[in-house]
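Participant: Would you mind keeping the following structure in view while I ask a few things?
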Protein chains: 2
Amino acid sequence: MNLRDLRYLLAVAEHEHFGRAAKASGVSQPTLSVQIRKLEDQLGVILFERASKQAAPTAACLQLIDHARGAVAATEALLASAQSLRDPLAGRFRLGIIPTLAPYLLPLIFAPLRAALPALEPEPWEDQTDALLDRLRSHQLDAALLATEVDGPDLTSRALFDEPFLAALPPDHPLAARATVAEAELSQDILVLSDGHCLRDQAIEACGQTAALGGALRASSLPTLMNMVAAGYGTTLIPGLAAGAAQDAGLTLRPLQGRPGRTLRIAWRTHFPRRVAVEAIGDVVAERMSSFARRAATGAV
Amino acid sequence: MNLRDLRYLLAVAEHEHFGRAAKASGVSQPTLSVQIRKLEDQLGVILFERASKQAAPTAACLQLIDHARGAVAATEALLASAQSLRDPLAGRFRLGIIPTLAPYLLPLIFAPLRAALPALEPEPWEDQTDALLDRLRSHQLDAALLATEVDGPDLTSRALFDEPFLAALPPDHPLAARATVAEAELSQDILVLSDGHCLRDQAIEACGQTAALGGALRASSLPTLMNMVAAGYGTTLIPGLAAGAAQDAGLTLRPLQGRPGRTLRIAWRTHFPRRVAVEAIGDVVAERMSSFARRAATGAV
DNA sequence: CTCCAATCATAGGCGGGGCCTATCAGATCG
DNA sequence: CGATCTGATAGGCCCCGCCTATGATTGGAG
């Protein structure tokens with residue numbers, strides 16, 4: 001049985017006339033006669049009472065027609081949905097973002113994203129790198145903004161921009177008097193984020209292993225970390241995009257001599273079919289950040 | 001687009017694997033790959049994200065799948081309904097019956113009908129001949145039991161049995177002393193049914209035109225008519241199957257010399273597709289009435 | 001009563017599309 | 001690096017739906 005047959009059935013039932021139903025269906029009358037007859041044979045039910053001037057649906061036909069109408073309506077709903085889903089740049093887009101980036105980047109890219117991709121409905125999801133990668137692999141995310149490379153052939157990533165690290169100091173810290181700070185100097189009393197944050201590992205790698213590491217204090221977020229530094233518990237290293245927030249928290253910022261930093265990337269499943277949307281989002285972010293990268297390259301904060 | 005395609009879509013979405021979905025669908029894997037690909041082209045939507053070990057439905061696919069499931073479910077419901085509608089001897093059967101026959105025939109044929117056609121659900125509809133013919137022609141009835149021939153090529157009928165007429169008299173009526181009554185004698189003070197009853201016309205035709213005809217009294221049903229006769233307002237002519245009811249009403253019955261009567265027929269639209277059901281009902285009625293016809297032929301009441 | 005118009009059914013032929021097997025191409029893993 | 005599993009591609013076959021032409025009935029007009 002075929003959807004076409006059901007449409008023919010509905011047409012004949014509506015017109016009660018093979019010829020007119022054929023015209024309405026865009027086929028010849030014999031086609032309709034044959035197909036209806038075949039449908040009757042397949043169902044084992046006489047569908048129409050053929051008289052000289054009309055073809056009236058039988059009682060059995062009337063019972064079946066409701067189901068036929070349902071099937072046809074469902075497929076047309078499917079086609080309509082497909083129509084609206086056709087644009088890969090439209091619809092929900094679940095974008096993971098690491099916590100040390102989300103609150104500082106998102107405000108900057110919302111407007112450009114909306115301008116460049118008006119039909120896209122981005123749904124940000126903030127979580128640590130490993131969680132994002134898990135959700136990406138299990139199809140719970142469409143892409144993710146990370147500060148690390150991805151491993152494995154099932155994921156692919158593209159670099160979007162470089163973000164320098166800055167030394168963050170209490171205003172009364174001895175190093176605050178310096179124009180620039182050496183990474184090794186920071187490591188004396190550096191505080192880092194709690195486990196799982198990629199920024200923790202990157203800070204340690206940039207400044208060298210240290211005994212301090214915040215001691216018993218575990219900062220689970222960048223704002224907490226900055227408040228701890230402002231309270232005089234030590235120093236830290238913050239990503240450039242958080243500079244504004246750090247200054248608002250009363251911290252003194254200084255460039256690092258080795259100009260360490262991290263590369264922000266967008267990652268997606270290699271076979272993800274909406275790659276055009278991924279690239280478009282990447283383009284918007286990279287474009288929006290290019291001015292920041294230029295300013296950072298000249299040493300400005 | 002095709003129902004088959006939707007089934008394939010559901011199969012792949014369920015198994016997340018082309019090969020297993022193909023096996024479950026009873027086709028080869030290339031067939032499935034090609035058809036899914038064609039469906040994607042038609043819809044303009046990528047339905048599956050093909051990776052090396054799995055084919056995951058895309059978000060768009062998940063939205064479309066509900067509609068696909070609906071369409072497939074509707075067609076399967078249609079097939080199931082057709083299965084149960086397949087037997088023309090099963091299901092509703094709207095049978096019209098004239099009022100001068102219904103209350104006396106129906107009790108006799110209910111049990112035999114149920115025995116011979118257990119799946120049939122007869123729905124009796126009692127009305128006068130013209131109304132029955134109208135409903136028959138407008139497909140509101142499937143067949144009708146009438147006492148007249150039908151006209152026009154759109155209707156067909158078959159004689160089922162002959163029903164003799166009997167003279168019905170008040171017990172103290174002069175004619176009650178006779179063994180048989182001549183029709184002309186009845187016409188002196190005959191009462192007949194109101195307009196629209198075929199029995200009215202048949203009584204008048206059998207006994208000849210008369211001035212009485214019940215005068216201002218209009219009996220709209222046979223029980224009323226019998227009560228009027230029992231009350232001494234006149235005589236009448238009743239169909240044989242009503243003999244029992246007439247005797248219960250206190251009437252005296254006498255055979256008529258010319259042995260007038262009417263032929264009960266079953267009528268249906270010439271093109272009505274459940275003719276087998278019509279004939280089967282006719283057979284049951286004719287069989288049940290054959291004993292009555294034999295007794296009537298010997299003059300017994 | 002015959003002819004004509006209308007209706008649905010039937011016949012024959014054409015073409016598209018779905019199905020198959022065989023094979024290719026890429027990924028994964030020992 | 002080959003073995004294996006995955007989905008994609010190619011070529012050929014055949015069914016089936018479509019068409020036009022025609023037949024069979026019916027009902028109405030002249």
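Residue numbers start at 1 in each chain; chains themselves are named A, B, ... in the order of the structure tokens; ligands are numbered from 1 in the order shown.
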Residues of chain A were defined as contacting chain D if any atom lay at most 10 Å from it, counting only C-alpha atoms (C1' of nucleotides); please report them as number ranges by chain.

Facilitator: A: 27-28, 30-31, 34-35, 51-53

Participant: Write the selection just made, keeping C-alpha atoms, as an mmCIF file, in the first residue's frame?

Facilitator:
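Result file is result31.cif:
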data_model
loop_
_atom_site.group_PDB
_atom_site.id
_atom_site.type_symbol
_atom_site.label_atom_id
_atom_site.label_comp_id
_atom_site.auth_asym_id
_atom_site.auth_seq_id
_atom_site.Cartn_x
_atom_site.Cartn_y
_atom_site.Cartn_z
ATOM 1 C CA VAL A 27 -3.840 11.707 -13.316
ATOM 2 C CA SER A 28 -6.001 10.054 -15.920
ATOM 3 C CA PRO A 30 -8.122 4.879 -15.908
ATOM 4 C CA THR A 31 -5.172 5.281 -13.588
ATOM 5 C CA VAL A 34 -7.043 0.747 -11.652
ATOM 6 C CA GLN A 35 -5.392 1.979 -8.487
ATOM 7 C CA ALA A 51 -23.509 3.650 -9.951
ATOM 8 C CA SER A 52 -24.065 5.300 -13.276
ATOM 9 C CA LYS A 53 -23.718 8.864 -12.038
#

Participant: As an MDAnalysis selection string, could you give me every residue of chain C near chain B (at most 9 Å apart, counting only C-alpha atoms (C1' of nucleotides))?

Facilitator: chainID C and resid 18:20 26:28

Participant: Mind writing the picked residues with N, CA, C and O atoms (P, O5', C5', C4', C3', O3' and C1' of nucleotides) as a PDB file, in the first residue's frame?

Facilitator:
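What landed in again_1.pdb:
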ATOM      1  P    DG C  18      12.023   4.832  -5.711  1.00  0.00           P
ATOM      2  O5'  DG C  18      11.995   3.436  -4.956  1.00  0.00           O
ATOM      3  C5'  DG C  18      10.897   2.572  -5.134  1.00  0.00           C
ATOM      4  C4'  DG C  18      11.365   1.133  -5.190  1.00  0.00           C
ATOM      5  C3'  DG C  18      12.446   0.784  -4.173  1.00  0.00           C
ATOM      6  O3'  DG C  18      12.137  -0.460  -3.585  1.00  0.00           O
ATOM      7  C1'  DG C  18      13.190   0.203  -6.322  1.00  0.00           C
ATOM      8  P    DC C  19      12.859  -0.909  -2.286  1.00  0.00           P
ATOM      9  O5'  DC C  19      13.715  -2.172  -2.743  1.00  0.00           O
ATOM     10  C5'  DC C  19      13.053  -3.327  -3.215  1.00  0.00           C
ATOM     11  C4'  DC C  19      14.014  -4.176  -4.022  1.00  0.00           C
ATOM     12  C3'  DC C  19      15.342  -4.450  -3.316  1.00  0.00           C
ATOM     13  O3'  DC C  19      15.305  -5.714  -2.666  1.00  0.00           O
ATOM     14  C1'  DC C  19      15.638  -3.934  -5.644  1.00  0.00           C
ATOM     15  P    DC C  20      16.544  -6.164  -1.784  1.00  0.00           P
ATOM     16  O5'  DC C  20      17.532  -6.842  -2.837  1.00  0.00           O
ATOM     17  C5'  DC C  20      17.101  -7.975  -3.570  1.00  0.00           C
ATOM     18  C4'  DC C  20      18.076  -8.273  -4.693  1.00  0.00           C
ATOM     19  C3'  DC C  20      19.516  -8.477  -4.237  1.00  0.00           C
ATOM     20  O3'  DC C  20      19.777  -9.862  -4.056  1.00  0.00           O
ATOM     21  C1'  DC C  20      19.412  -6.996  -6.127  1.00  0.00           C
ATOM     22  P    DG C  26      38.446   6.978   0.146  1.00  0.00           P
ATOM     23  O5'  DG C  26      38.213   6.910   1.715  1.00  0.00           O
ATOM     24  C5'  DG C  26      36.984   7.382   2.259  1.00  0.00           C
ATOM     25  C4'  DG C  26      36.759   6.758   3.608  1.00  0.00           C
ATOM     26  C3'  DG C  26      37.930   6.908   4.587  1.00  0.00           C
ATOM     27  O3'  DG C  26      37.467   7.541   5.761  1.00  0.00           O
ATOM     28  C1'  DG C  26      37.127   4.679   4.545  1.00  0.00           C
ATOM     29  P    DA C  27      38.463   7.945   6.913  1.00  0.00           P
ATOM     30  O5'  DA C  27      38.106   6.884   8.047  1.00  0.00           O
ATOM     31  C5'  DA C  27      36.751   6.742   8.443  1.00  0.00           C
ATOM     32  C4'  DA C  27      36.627   5.607   9.432  1.00  0.00           C
ATOM     33  C3'  DA C  27      37.654   5.647  10.565  1.00  0.00           C
ATOM     34  O3'  DA C  27      36.994   5.369  11.780  1.00  0.00           O
ATOM     35  C1'  DA C  27      37.752   3.558   9.435  1.00  0.00           C
ATOM     36  P    DT C  28      37.680   5.655  13.147  1.00  0.00           P
ATOM     37  O5'  DT C  28      37.949   4.195  13.710  1.00  0.00           O
ATOM     38  C5'  DT C  28      36.887   3.242  13.691  1.00  0.00           C
ATOM     39  C4'  DT C  28      37.433   1.856  13.972  1.00  0.00           C
ATOM     40  C3'  DT C  28      38.500   1.797  15.070  1.00  0.00           C
ATOM     41  O3'  DT C  28      38.069   0.881  16.047  1.00  0.00           O
ATOM     42  C1'  DT C  28      39.163   0.567  13.163  1.00  0.00           C
TER      43       DT C  28
END

Participant: Report, in Å to a single decimal, how far apart CA of Glu163 (chain B) and CA of Ile190 (chain B) are.

Facilitator: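 Atom-to-atom, CA of Ile190 (chain B) to CA of Glu163 (chain B), that is 19.7 Å.
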
Participant: Just list as a list in words whatever in region 85-150 of chain B DSSP marks as helix (DSSP H, G or I).

Facilitator: Leu85, Ala102, Pro103, Tyr104, Leu105, Leu106, Pro107, Leu108, Ile109, Phe110, Ala111, Pro112, Leu113, Arg114, Ala115, Ala116, Thr129, Asp130, Ala131, Leu132, Leu133, Asp134, Arg135, Leu136 and Arg137 of chain B

Participant: Run DSSP on the backbone and give me the residues of region 67-284 of chain B it puts in strand (DSSP E or B), as an mmCIF file with N, CA, C and O atoms, in the first residue's frame.

Facilitator:
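The file below, out.cif, is the result:
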data_model
loop_
_atom_site.group_PDB
_atom_site.id
_atom_site.type_symbol
_atom_site.label_atom_id
_atom_site.label_comp_id
_atom_site.auth_asym_id
_atom_site.auth_seq_id
_atom_site.Cartn_x
_atom_site.Cartn_y
_atom_site.Cartn_z
ATOM 1 N N GLY B 91 -20.575 -6.908 10.384
ATOM 2 C CA GLY B 91 -20.689 -5.476 10.580
ATOM 3 C C GLY B 91 -22.122 -4.973 10.502
ATOM 4 O O GLY B 91 -23.074 -5.734 10.304
ATOM 5 N N ARG B 92 -22.254 -3.657 10.660
ATOM 6 C CA ARG B 92 -23.569 -3.009 10.651
ATOM 7 C C ARG B 92 -24.307 -3.299 9.349
ATOM 8 O O ARG B 92 -23.708 -3.288 8.270
ATOM 9 N N PHE B 93 -25.592 -3.519 9.499
ATOM 10 C CA PHE B 93 -26.428 -3.644 8.305
ATOM 11 C C PHE B 93 -27.742 -2.938 8.613
ATOM 12 O O PHE B 93 -28.531 -3.404 9.436
ATOM 13 N N ARG B 94 -27.960 -1.817 7.945
ATOM 14 C CA ARG B 94 -29.137 -1.003 8.238
ATOM 15 C C ARG B 94 -30.283 -1.464 7.358
ATOM 16 O O ARG B 94 -30.256 -1.276 6.129
ATOM 17 N N LEU B 95 -31.268 -2.081 8.004
ATOM 18 C CA LEU B 95 -32.368 -2.728 7.287
ATOM 19 C C LEU B 95 -33.667 -1.989 7.571
ATOM 20 O O LEU B 95 -34.141 -1.962 8.713
ATOM 21 N N GLY B 96 -34.214 -1.402 6.519
ATOM 22 C CA GLY B 96 -35.498 -0.732 6.671
ATOM 23 C C GLY B 96 -36.642 -1.736 6.650
ATOM 24 O O GLY B 96 -36.579 -2.735 5.935
ATOM 25 N N ILE B 97 -37.713 -1.470 7.425
ATOM 26 C CA ILE B 97 -38.881 -2.358 7.463
ATOM 27 C C ILE B 97 -40.141 -1.509 7.595
ATOM 28 O O ILE B 97 -40.171 -0.549 8.384
ATOM 29 N N LEU B 120 -23.121 -10.489 11.654
ATOM 30 C CA LEU B 120 -23.898 -9.351 11.161
ATOM 31 C C LEU B 120 -24.554 -8.623 12.331
ATOM 32 O O LEU B 120 -25.021 -9.239 13.285
ATOM 33 N N GLU B 121 -24.528 -7.276 12.229
ATOM 34 C CA GLU B 121 -25.182 -6.471 13.259
ATOM 35 C C GLU B 121 -26.337 -5.723 12.610
ATOM 36 O O GLU B 121 -26.185 -4.590 12.172
ATOM 37 N N PRO B 122 -27.506 -6.351 12.541
ATOM 38 C CA PRO B 122 -28.632 -5.705 11.847
ATOM 39 C C PRO B 122 -29.147 -4.538 12.682
ATOM 40 O O PRO B 122 -29.265 -4.631 13.896
ATOM 41 N N GLU B 123 -29.419 -3.427 11.994
ATOM 42 C CA GLU B 123 -30.013 -2.270 12.653
ATOM 43 C C GLU B 123 -31.341 -1.976 11.978
ATOM 44 O O GLU B 123 -31.375 -1.354 10.920
ATOM 45 N N PRO B 124 -32.441 -2.429 12.584
ATOM 46 C CA PRO B 124 -33.743 -2.215 11.939
ATOM 47 C C PRO B 124 -34.111 -0.733 11.957
ATOM 48 O O PRO B 124 -33.783 -0.014 12.902
ATOM 49 N N TRP B 125 -34.786 -0.324 10.926
ATOM 50 C CA TRP B 125 -35.257 1.064 10.810
ATOM 51 C C TRP B 125 -36.686 1.004 10.306
ATOM 52 O O TRP B 125 -36.921 0.575 9.178
ATOM 53 N N GLU B 126 -37.613 1.446 11.144
ATOM 54 C CA GLU B 126 -39.024 1.302 10.801
ATOM 55 C C GLU B 126 -39.543 2.603 10.228
ATOM 56 O O GLU B 126 -39.437 3.655 10.862
ATOM 57 N N ALA B 143 -30.600 -2.004 2.929
ATOM 58 C CA ALA B 143 -31.660 -2.767 2.260
ATOM 59 C C ALA B 143 -32.957 -2.461 2.987
ATOM 60 O O ALA B 143 -32.947 -1.823 4.049
ATOM 61 N N ALA B 144 -34.086 -2.900 2.410
ATOM 62 C CA ALA B 144 -35.373 -2.628 3.043
ATOM 63 C C ALA B 144 -36.337 -3.759 2.742
ATOM 64 O O ALA B 144 -36.325 -4.336 1.639
ATOM 65 N N LEU B 145 -37.158 -4.073 3.746
ATOM 66 C CA LEU B 145 -38.216 -5.070 3.553
ATOM 67 C C LEU B 145 -39.499 -4.310 3.257
ATOM 68 O O LEU B 145 -39.983 -3.534 4.090
ATOM 69 N N LEU B 146 -40.058 -4.544 2.052
ATOM 70 C CA LEU B 146 -41.206 -3.785 1.573
ATOM 71 C C LEU B 146 -42.298 -4.739 1.118
ATOM 72 O O LEU B 146 -42.055 -5.934 0.926
ATOM 73 N N LEU B 155 -32.687 0.618 -8.138
ATOM 74 C CA LEU B 155 -33.049 -0.289 -7.060
ATOM 75 C C LEU B 155 -33.428 -1.653 -7.630
ATOM 76 O O LEU B 155 -33.944 -1.752 -8.753
ATOM 77 N N THR B 156 -33.182 -2.672 -6.859
ATOM 78 C CA THR B 156 -33.518 -4.037 -7.243
ATOM 79 C C THR B 156 -34.212 -4.674 -6.046
ATOM 80 O O THR B 156 -33.979 -4.281 -4.906
ATOM 81 N N SER B 157 -35.063 -5.648 -6.308
ATOM 82 C CA SER B 157 -35.710 -6.323 -5.191
ATOM 83 C C SER B 157 -35.901 -7.790 -5.506
ATOM 84 O O SER B 157 -35.810 -8.214 -6.661
ATOM 85 N N ARG B 158 -36.147 -8.516 -4.472
ATOM 86 C CA ARG B 158 -36.346 -9.963 -4.602
ATOM 87 C C ARG B 158 -37.514 -10.346 -3.702
ATOM 88 O O ARG B 158 -37.571 -9.927 -2.543
ATOM 89 N N ALA B 159 -38.439 -11.125 -4.253
ATOM 90 C CA ALA B 159 -39.589 -11.567 -3.468
ATOM 91 C C ALA B 159 -39.146 -12.589 -2.440
ATOM 92 O O ALA B 159 -38.339 -13.476 -2.733
ATOM 93 N N LEU B 160 -39.661 -12.438 -1.204
ATOM 94 C CA LEU B 160 -39.278 -13.364 -0.149
ATOM 95 C C LEU B 160 -40.403 -14.308 0.232
ATOM 96 O O LEU B 160 -40.184 -15.511 0.369
ATOM 97 N N PHE B 161 -41.577 -13.766 0.400
ATOM 98 C CA PHE B 161 -42.717 -14.637 0.741
ATOM 99 C C PHE B 161 -44.013 -13.875 0.512
ATOM 100 O O PHE B 161 -44.014 -12.647 0.437
ATOM 101 N N ASP B 162 -45.105 -14.642 0.387
ATOM 102 C CA ASP B 162 -46.441 -14.051 0.238
ATOM 103 C C ASP B 162 -47.142 -14.074 1.577
ATOM 104 O O ASP B 162 -47.065 -15.056 2.319
ATOM 105 N N GLU B 163 -47.809 -12.963 1.880
ATOM 106 C CA GLU B 163 -48.545 -12.854 3.129
ATOM 107 C C GLU B 163 -50.012 -12.618 2.788
ATOM 108 O O GLU B 163 -50.342 -11.617 2.162
ATOM 109 N N PRO B 164 -50.917 -13.541 3.161
ATOM 110 C CA PRO B 164 -52.346 -13.349 2.843
ATOM 111 C C PRO B 164 -52.953 -12.268 3.729
ATOM 112 O O PRO B 164 -52.451 -11.996 4.816
ATOM 113 N N PHE B 165 -54.003 -11.645 3.235
ATOM 114 C CA PHE B 165 -54.771 -10.715 4.070
ATOM 115 C C PHE B 165 -55.922 -11.479 4.717
ATOM 116 O O PHE B 165 -56.430 -12.451 4.146
ATOM 117 N N LEU B 166 -56.327 -11.045 5.879
ATOM 118 C CA LEU B 166 -57.463 -11.652 6.575
ATOM 119 C C LEU B 166 -58.468 -10.558 6.923
ATOM 120 O O LEU B 166 -58.091 -9.418 7.182
ATOM 121 N N ALA B 167 -59.743 -10.965 6.935
ATOM 122 C CA ALA B 167 -60.768 -10.041 7.423
ATOM 123 C C ALA B 167 -60.724 -10.020 8.942
ATOM 124 O O ALA B 167 -60.650 -11.074 9.579
ATOM 125 N N ALA B 168 -60.740 -8.801 9.509
ATOM 126 C CA ALA B 168 -60.745 -8.661 10.964
ATOM 127 C C ALA B 168 -62.047 -7.980 11.369
ATOM 128 O O ALA B 168 -62.363 -6.898 10.871
ATOM 129 N N LEU B 169 -62.781 -8.639 12.262
ATOM 130 C CA LEU B 169 -64.139 -8.182 12.579
ATOM 131 C C LEU B 169 -64.307 -8.080 14.096
ATOM 132 O O LEU B 169 -63.687 -8.846 14.843
ATOM 133 N N VAL B 181 -65.237 -14.645 4.222
ATOM 134 C CA VAL B 181 -65.853 -13.358 3.916
ATOM 135 C C VAL B 181 -65.429 -12.945 2.519
ATOM 136 O O VAL B 181 -64.289 -13.195 2.101
ATOM 137 N N ILE B 190 -65.381 -0.796 6.086
ATOM 138 C CA ILE B 190 -63.954 -1.049 6.314
ATOM 139 C C ILE B 190 -63.245 0.200 6.817
ATOM 140 O O ILE B 190 -63.543 1.319 6.386
ATOM 141 N N LEU B 193 -55.758 2.264 7.229
ATOM 142 C CA LEU B 193 -54.700 3.056 7.861
ATOM 143 C C LEU B 193 -54.622 4.445 7.252
ATOM 144 O O LEU B 193 -55.196 4.708 6.194
ATOM 145 N N ALA B 219 -56.317 6.029 11.602
ATOM 146 C CA ALA B 219 -55.463 5.120 12.366
ATOM 147 C C ALA B 219 -54.064 5.167 11.765
ATOM 148 O O ALA B 219 -53.872 4.866 10.591
ATOM 149 N N THR B 235 -64.867 -2.675 10.277
ATOM 150 C CA THR B 235 -64.064 -3.875 10.026
ATOM 151 C C THR B 235 -62.747 -3.429 9.407
ATOM 152 O O THR B 235 -62.558 -2.260 9.074
ATOM 153 N N THR B 236 -61.886 -4.387 9.234
ATOM 154 C CA THR B 236 -60.658 -4.062 8.505
ATOM 155 C C THR B 236 -60.040 -5.314 7.937
ATOM 156 O O THR B 236 -60.575 -6.421 8.075
ATOM 157 N N LEU B 237 -58.912 -5.098 7.311
ATOM 158 C CA LEU B 237 -58.181 -6.175 6.639
ATOM 159 C C LEU B 237 -56.780 -6.118 7.200
ATOM 160 O O LEU B 237 -56.159 -5.057 7.218
ATOM 161 N N ILE B 238 -56.301 -7.230 7.707
ATOM 162 C CA ILE B 238 -54.980 -7.228 8.324
ATOM 163 C C ILE B 238 -54.082 -8.245 7.647
ATOM 164 O O ILE B 238 -54.558 -9.252 7.097
ATOM 165 N N PRO B 239 -52.790 -7.980 7.684
ATOM 166 C CA PRO B 239 -51.853 -8.947 7.105
ATOM 167 C C PRO B 239 -51.718 -10.160 8.014
ATOM 168 O O PRO B 239 -51.864 -10.059 9.239
ATOM 169 N N THR B 252 -62.135 -11.043 15.661
ATOM 170 C CA THR B 252 -62.448 -12.303 14.984
ATOM 171 C C THR B 252 -61.869 -12.230 13.579
ATOM 172 O O THR B 252 -62.053 -11.236 12.870
ATOM 173 N N LEU B 253 -61.143 -13.262 13.183
ATOM 174 C CA LEU B 253 -60.483 -13.275 11.871
ATOM 175 C C LEU B 253 -61.163 -14.280 10.968
ATOM 176 O O LEU B 253 -61.575 -15.361 11.414
ATOM 177 N N ARG B 254 -61.258 -13.933 9.717
ATOM 178 C CA ARG B 254 -61.867 -14.838 8.730
ATOM 179 C C ARG B 254 -61.076 -14.770 7.433
ATOM 180 O O ARG B 254 -60.649 -13.689 7.029
ATOM 181 N N PRO B 255 -60.870 -15.895 6.791
ATOM 182 C CA PRO B 255 -60.208 -15.852 5.470
ATOM 183 C C PRO B 255 -61.065 -15.097 4.476
ATOM 184 O O PRO B 255 -62.296 -15.056 4.608
ATOM 185 N N LEU B 256 -60.409 -14.552 3.487
ATOM 186 C CA LEU B 256 -61.126 -13.841 2.426
ATOM 187 C C LEU B 256 -61.253 -14.752 1.226
ATOM 188 O O LEU B 256 -60.332 -15.520 0.894
ATOM 189 N N GLY B 261 -53.621 -10.818 -0.874
ATOM 190 C CA GLY B 261 -52.435 -10.764 -0.012
ATOM 191 C C GLY B 261 -51.407 -9.812 -0.590
ATOM 192 O O GLY B 261 -51.676 -9.096 -1.565
ATOM 193 N N ARG B 262 -50.275 -9.808 0.026
ATOM 194 C CA ARG B 262 -49.199 -8.950 -0.488
ATOM 195 C C ARG B 262 -47.920 -9.784 -0.524
ATOM 196 O O ARG B 262 -47.778 -10.773 0.204
ATOM 197 N N THR B 263 -46.996 -9.361 -1.360
ATOM 198 C CA THR B 263 -45.707 -10.044 -1.478
ATOM 199 C C THR B 263 -44.651 -9.208 -0.781
ATOM 200 O O THR B 263 -44.437 -8.051 -1.130
ATOM 201 N N LEU B 264 -44.012 -9.804 0.201
ATOM 202 C CA LEU B 264 -42.943 -9.110 0.898
ATOM 203 C C LEU B 264 -41.643 -9.298 0.116
ATOM 204 O O LEU B 264 -41.323 -10.409 -0.319
ATOM 205 N N ARG B 265 -40.934 -8.215 -0.048
ATOM 206 C CA ARG B 265 -39.715 -8.215 -0.848
ATOM 207 C C ARG B 265 -38.586 -7.557 -0.061
ATOM 208 O O ARG B 265 -38.816 -6.719 0.793
ATOM 209 N N ILE B 266 -37.404 -7.947 -0.411
ATOM 210 C CA ILE B 266 -36.247 -7.208 0.092
ATOM 211 C C ILE B 266 -35.693 -6.400 -1.070
ATOM 212 O O ILE B 266 -35.540 -6.908 -2.192
ATOM 213 N N ALA B 267 -35.431 -5.117 -0.821
ATOM 214 C CA ALA B 267 -34.981 -4.211 -1.881
ATOM 215 C C ALA B 267 -33.630 -3.622 -1.505
ATOM 216 O O ALA B 267 -33.338 -3.421 -0.323
ATOM 217 N N TRP B 268 -32.804 -3.366 -2.516
ATOM 218 C CA TRP B 268 -31.478 -2.783 -2.281
ATOM 219 C C TRP B 268 -31.060 -1.992 -3.507
ATOM 220 O O TRP B 268 -31.663 -2.139 -4.579
ATOM 221 N N ARG B 269 -30.061 -1.138 -3.311
ATOM 222 C CA ARG B 269 -29.514 -0.420 -4.469
ATOM 223 C C ARG B 269 -28.858 -1.439 -5.400
ATOM 224 O O ARG B 269 -28.123 -2.334 -4.948
#

Participant: Find the residues around Ile204 (chain A) up to 10 Å (only C-alpha atoms (C1' of nucleotides) counted), leave out those fewer than 2 positions away in its own chain, and share them as a PyMOL selection string.

Facilitator: chain A and resi 183+187+190-192+199-202+206-210+213+237

Participant: Restricted to N, CA and C atoms, what would the selected residues look like written as a compact mmCIF listing (two decimals), in the first residue's frame?

Facilitator:
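The new file selection35.txt reads:
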# COMPACT_ATOMS: atom_id res chain seq x y z
N GLU A 183 56.76 34.80 34.66
CA GLU A 183 55.91 33.69 35.10
C GLU A 183 56.46 33.05 36.37
N SER A 187 54.83 32.14 40.41
CA SER A 187 54.63 30.80 40.97
C SER A 187 54.88 30.76 42.46
N ILE A 190 51.11 31.60 43.76
CA ILE A 190 50.00 31.55 42.81
C ILE A 190 48.86 30.68 43.33
N LEU A 191 47.67 31.17 43.07
CA LEU A 191 46.46 30.38 43.36
C LEU A 191 45.89 29.90 42.02
N VAL A 192 45.38 28.68 42.02
CA VAL A 192 44.79 28.17 40.76
C VAL A 192 43.40 27.62 41.04
N LEU A 199 42.10 25.71 32.69
CA LEU A 199 42.92 26.87 33.02
C LEU A 199 43.88 26.56 34.17
N ARG A 200 43.46 25.68 35.08
CA ARG A 200 44.35 25.27 36.18
C ARG A 200 45.62 24.66 35.61
N ASP A 201 45.44 23.68 34.72
CA ASP A 201 46.61 23.00 34.15
C ASP A 201 47.47 23.97 33.36
N GLN A 202 46.80 24.87 32.62
CA GLN A 202 47.56 25.80 31.78
C GLN A 202 48.34 26.79 32.63
N ALA A 206 52.34 27.12 32.66
CA ALA A 206 53.00 28.38 32.31
C ALA A 206 53.97 28.84 33.40
N CYS A 207 53.58 28.62 34.65
CA CYS A 207 54.37 29.19 35.74
C CYS A 207 55.26 28.17 36.43
N GLY A 208 55.13 26.93 36.08
CA GLY A 208 55.94 25.90 36.74
C GLY A 208 55.24 25.38 37.96
N GLN A 209 55.57 24.13 38.31
CA GLN A 209 54.94 23.51 39.47
C GLN A 209 55.29 24.31 40.73
N THR A 210 54.37 24.36 41.66
CA THR A 210 54.57 25.13 42.87
C THR A 210 53.90 24.43 44.04
N LEU A 213 49.73 26.59 45.19
CA LEU A 213 48.53 26.12 44.49
C LEU A 213 47.25 26.40 45.26
N LEU A 237 46.73 33.90 37.64
CA LEU A 237 46.91 34.15 36.22
C LEU A 237 45.51 34.07 35.62

Participant: So which one's closest to chain A, B:Ala231, B:Ala179, B:Ala90, B:Val278? Using only C-alpha atoms, please.

Facilitator: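 Under the stated criterion, the closest residue is B:Ala90.
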
Participant: Tell me, in Å to one decimal, how far CA of Ala21 (chain A) is from CA of Leu6 (chain A).

Facilitator: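 Atom-to-atom, CA of Ala21 (chain A) to CA of Leu6 (chain A), that is 12.6 Å.
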
Participant: Measuring between only C-alpha atoms, which one of B:Arg114, B:Arg259, B:Arg274, B:Arg20 shows the shortest distance to chain A?

Facilitator: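 Of all the options, B:Arg274 lies closest to chain A.
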
Participant: How many Å separate CA of Ala59 (chain B) from CA of Gly282 (chain A)?

Facilitator: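 Atom-to-atom, CA of Ala59 (chain B) to CA of Gly282 (chain A), that is 20.5 Å.
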